[in-house]
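Take a look at the structure set out below.
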Amino acid sequence: MDGGTQYNPRTVEEVFRDFKGRRAGMIKALTNDVEEFYQQCDPEKENLCLYGFPNEQWEVNLPAEEVPPELPEPALGINFARDGMQEKDWLSLVAVHSDAWLLAVAFYFGARFGFDKTDRKRLFTMINELPTIFEVVTGSAKKQAKEKSTVSTHQSSNKSKSDIKGRGSESSKFSNKLPAKDEDEGLDEEEDEEHGETLCGACGENYASDEFWICCDICEKWFHGKCVKITPARAEHIKQYKCPSCSNKRARP
């Protein structure tokens, strides 16, 4: 199971790129595409697995038939628990197993291509800089980012905070943090520090000052505009923005 694309990353950077692609696909399944993912995990079907691919796509499918498989396999039978738990608890469980699978695949490549102690440590450090899928899905990554932001800006004056808030108040739910020439550089640096730990609710990547972001008015998660297909021009006309996950939520029987 590899999305029809078989390749073997051989360097630390290639393995990390493979990890990030698979991770992004699985996060997409458990957030933006959660309604489709939920429907595909029919408990009446056989043992199903959630696969993430290097091209940032995901798939729910049966496990590989060959034994042993070419790559480590994800958790089997994720569909069987779907209707026996609260949806958020089920998604969290799938997220935990997905994190374990991603690490297994990354270090399988490391073992296969002879990574030494230094390479393995570097790979883990690169991986550890990203929030886990579980942290993204449960929102704990956002909470950690907020706590970090609070500590880092604790010494800022109330006036500075008020000024920063005012600059983005044209619409509090979306922001394109391109620095304007006539604005004070000190405030730009402080704002970047405050938002630098914000994570996209779709891809889990960090905030970047040169990218357009939009905030969901329901769950209050921030997203890259490109991840949820919202442009700055379109955002100007949105009175209340709902992210794909909140838009698709409905009462479960």
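Here's how to read the names in the structure tokens: chain A, B, ... by the order shown, residue numbers from 1 in each chain, ligand numbers from 1 in the order shown.
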
Using only C-alpha atoms, what does the table of range 58-137 of chain A residues within 12 Å of range 24-36 of chain A look like, with each row giving the shortest atom pair and its distance in Å to one decimal, sorted by chain and ascending number, as a Markdown table?
```
| residue | atom | partner | partner_atom | distance |
| --- | --- | --- | --- | --- |
| A:Trp58 | CA | A:Gly25 | CA | 4.9 |
| A:Glu59 | CA | A:Ala29 | CA | 8.3 |
| A:Val60 | CA | A:Ala29 | CA | 9.3 |
| A:Pro74 | CA | A:Met26 | CA | 11.4 |
| A:Glu87 | CA | A:Val34 | CA | 10.3 |
| A:Lys88 | CA | A:Leu30 | CA | 9.9 |
| A:Asp89 | CA | A:Leu30 | CA | 11.8 |
| A:Trp90 | CA | A:Leu30 | CA | 10.3 |
| A:Leu91 | CA | A:Leu30 | CA | 6.7 |
| A:Ser92 | CA | A:Leu30 | CA | 8.9 |
| A:Leu93 | CA | A:Leu30 | CA | 10.8 |
| A:Val94 | CA | A:Leu30 | CA | 8.5 |
| A:Ala95 | CA | A:Leu30 | CA | 7.6 |
| A:Val96 | CA | A:Met26 | CA | 11.2 |
| A:His97 | CA | A:Met26 | CA | 10.9 |
| A:Ser98 | CA | A:Met26 | CA | 7.5 |
| A:Asp99 | CA | A:Met26 | CA | 9.4 |
| A:Trp101 | CA | A:Met26 | CA | 10.8 |
| A:Leu102 | CA | A:Met26 | CA | 9.7 |
| A:Leu130 | CA | A:Ala24 | CA | 11.0 |
| A:Pro131 | CA | A:Ile27 | CA | 11.0 |
| A:Thr132 | CA | A:Ile27 | CA | 9.5 |
| A:Ile133 | CA | A:Ile27 | CA | 6.2 |
| A:Phe134 | CA | A:Ile27 | CA | 9.0 |
| A:Glu135 | CA | A:Ile27 | CA | 10.3 |
| A:Val136 | CA | A:Ile27 | CA | 7.6 |
| A:Val137 | CA | A:Thr31 | CA | 6.8 |
```

Those residues you just picked out, can you put them in a file as a CSV table (one decimal), in the first residue's frame with C-alpha atoms?
```csv
chain,number,residue,atom,x,y,z
A,58,TRP,CA,-4.8,9.0,2.5
A,59,GLU,CA,-6.6,5.8,1.9
A,60,VAL,CA,-8.8,3.4,4.0
A,74,PRO,CA,-1.0,0.3,10.3
A,87,GLU,CA,-16.5,9.9,17.6
A,88,LYS,CA,-13.8,12.2,19.1
A,89,ASP,CA,-12.5,9.3,21.2
A,90,TRP,CA,-12.4,7.0,18.2
A,91,LEU,CA,-10.6,9.6,16.1
A,92,SER,CA,-8.1,10.1,19.0
A,93,LEU,CA,-7.5,6.3,19.1
A,94,VAL,CA,-6.9,6.2,15.3
A,95,ALA,CA,-4.6,9.2,15.7
A,96,VAL,CA,-2.4,7.5,18.3
A,97,HIS,CA,-2.1,4.3,16.2
A,98,SER,CA,-1.3,6.5,13.2
A,99,ASP,CA,1.6,8.2,15.1
A,101,TRP,CA,2.8,3.6,12.4
A,102,LEU,CA,4.6,6.7,11.1
A,130,LEU,CA,6.4,18.4,14.7
A,131,PRO,CA,3.3,17.9,16.8
A,132,THR,CA,1.9,14.4,16.7
A,133,ILE,CA,-1.2,13.5,14.8
A,134,PHE,CA,-2.9,12.9,18.2
A,135,GLU,CA,-1.9,16.4,19.4
A,136,VAL,CA,-3.3,18.0,16.2
A,137,VAL,CA,-6.6,16.0,16.3
```

So which residues of range 17-116 of chain A fall under strand (DSSP E or B) by DSSP, listed as a list in words?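 DSSP-assigned strand (DSSP E or B) residues in range 17-116 of chain A: Cys49, Leu50, Tyr51, Gly52, Trp58, Glu59, Val60 and Asn61 of chain A.
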
Can I get the selection written as a tab-separated table (two decimals), in the first residue's frame, with all heavy atoms?
```tsv
chain	number	residue	atom	x	y	z
A	49	CYS	N	-7.57	-0.48	7.41
A	49	CYS	CA	-6.44	0.31	7.91
A	49	CYS	C	-6.50	1.71	7.31
A	49	CYS	O	-7.03	1.91	6.22
A	49	CYS	CB	-5.11	-0.31	7.51
A	49	CYS	SG	-4.86	-2.01	8.01
A	50	LEU	N	-5.92	2.68	8.03
A	50	LEU	CA	-5.75	4.02	7.48
A	50	LEU	C	-4.30	4.16	7.03
A	50	LEU	O	-3.38	4.02	7.84
A	50	LEU	CB	-6.08	5.09	8.52
A	50	LEU	CG	-5.73	6.54	8.11
A	50	LEU	CD1	-6.49	6.96	6.86
A	50	LEU	CD2	-5.98	7.51	9.26
A	51	TYR	N	-4.11	4.44	5.73
A	51	TYR	CA	-2.78	4.62	5.18
A	51	TYR	C	-2.55	6.10	4.84
A	51	TYR	O	-3.46	6.77	4.34
A	51	TYR	CB	-2.61	3.81	3.89
A	51	TYR	CG	-2.61	2.32	4.08
A	51	TYR	CD1	-3.80	1.60	4.06
A	51	TYR	CD2	-1.42	1.63	4.30
A	51	TYR	CE1	-3.81	0.21	4.25
A	51	TYR	CE2	-1.42	0.25	4.48
A	51	TYR	CZ	-2.61	-0.45	4.45
A	51	TYR	OH	-2.62	-1.81	4.64
A	52	GLY	N	-1.36	6.57	5.11
A	52	GLY	CA	-0.93	7.88	4.64
A	52	GLY	C	0.16	7.69	3.61
A	52	GLY	O	0.99	6.78	3.74
A	58	TRP	N	-4.45	10.10	1.56
A	58	TRP	CA	-4.76	9.04	2.50
A	58	TRP	C	-5.70	8.03	1.86
A	58	TRP	O	-6.33	8.31	0.84
A	58	TRP	CB	-5.40	9.60	3.78
A	58	TRP	CG	-6.71	10.32	3.55
A	58	TRP	CD1	-6.87	11.65	3.23
A	58	TRP	CD2	-8.04	9.78	3.61
A	58	TRP	NE1	-8.21	11.96	3.09
A	58	TRP	CE2	-8.94	10.83	3.34
A	58	TRP	CE3	-8.53	8.51	3.88
A	58	TRP	CZ2	-10.33	10.64	3.31
A	58	TRP	CZ3	-9.91	8.32	3.87
A	58	TRP	CH2	-10.79	9.37	3.58
A	59	GLU	N	-5.79	6.87	2.49
A	59	GLU	CA	-6.65	5.81	1.94
A	59	GLU	C	-7.05	4.87	3.08
A	59	GLU	O	-6.25	4.55	3.96
A	59	GLU	CB	-5.89	5.03	0.87
A	59	GLU	CG	-6.69	3.88	0.27
A	59	GLU	CD	-5.88	3.11	-0.74
A	59	GLU	OE1	-4.81	2.57	-0.37
A	59	GLU	OE2	-6.30	3.05	-1.91
A	60	VAL	N	-8.31	4.46	3.06
A	60	VAL	CA	-8.78	3.40	3.95
A	60	VAL	C	-8.88	2.14	3.11
A	60	VAL	O	-9.58	2.12	2.09
A	60	VAL	CB	-10.16	3.75	4.56
A	60	VAL	CG1	-10.72	2.55	5.32
A	60	VAL	CG2	-10.04	4.96	5.50
A	61	ASN	N	-8.18	1.09	3.52
A	61	ASN	CA	-8.13	-0.10	2.69
A	61	ASN	C	-7.80	-1.31	3.54
A	61	ASN	O	-7.45	-1.20	4.72
A	61	ASN	CB	-7.09	0.06	1.58
A	61	ASN	CG	-7.45	-0.72	0.33
A	61	ASN	OD1	-8.15	-1.73	0.40
A	61	ASN	ND2	-6.96	-0.25	-0.81
```

Which neighbours of range 233-245 of chain A fall inside 10 Å, counting only C-alpha atoms, when residues of the same chain fewer than 3 positions from it are skipped, and could you give them as a ChimeraX atom specification? /A:28,30-35,170-171,173-175,201-202,213-223,225,228-230,248-249

Go ahead and compute the interatomic distance for CA of Leu62 in chain A and CA of Cys246 in chain A, in Å to one decimal.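 Pair CA of Leu62 in chain A / CA of Cys246 in chain A returns 28.5 Å.
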
Between A:Ala104, A:Asn79, A:Asn55, A:Val12, smallest distance to Thr118 in chain A by only C-alpha atoms belongs to A:Val12

So, with only C-alpha atoms as the atoms that count, which of A:Arg82, A:Arg23, A:Arg112, A:Arg10 lies closest to Gln57 in chain A?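 Using only C-alpha atoms, Gln57 in chain A sits closest to A:Arg23.
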
Residue contacts of Phe19 in chain A (9 Å, only C-alpha atoms) excluding same-chain residues fewer than 5 positions away, as a PyMOL selection string: chain A and resi 14+24+53-54+102-103+105-106+127

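Across the structure, CA of Thr125 in chain A and CA of Leu71 in chain A are spaced 22.2 Å apart.
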
So how many Å separate CA of Gly139 in chain A and CA of Leu199 in chain A, to one decimal?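 Spanning CA of Gly139 in chain A to CA of Leu199 in chain A is a straight-line distance of 9.7 Å.
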
Find, counting only C-alpha atoms, the residue in A:Glu129, A:Asp42, A:Glu56, A:Asp210 that gets nearest to Asp18 in chain A.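 Of the candidates, the smallest distance to Asp18 in chain A is held by A:Glu56.
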
Would you pick out the contacts of Gly114 in chain A at 10 Å or less, using only C-alpha atoms, so that residues sharing its chain but fewer than 6 positions from it are not included, and give the list as a ChimeraX atom specification? /A:10-11,108,120

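Minimum distance to Gln40 in chain A across A:Glu73, A:Glu13, A:Phe115, A:Ile78 (counting only C-alpha atoms) occurs at A:Ile78.
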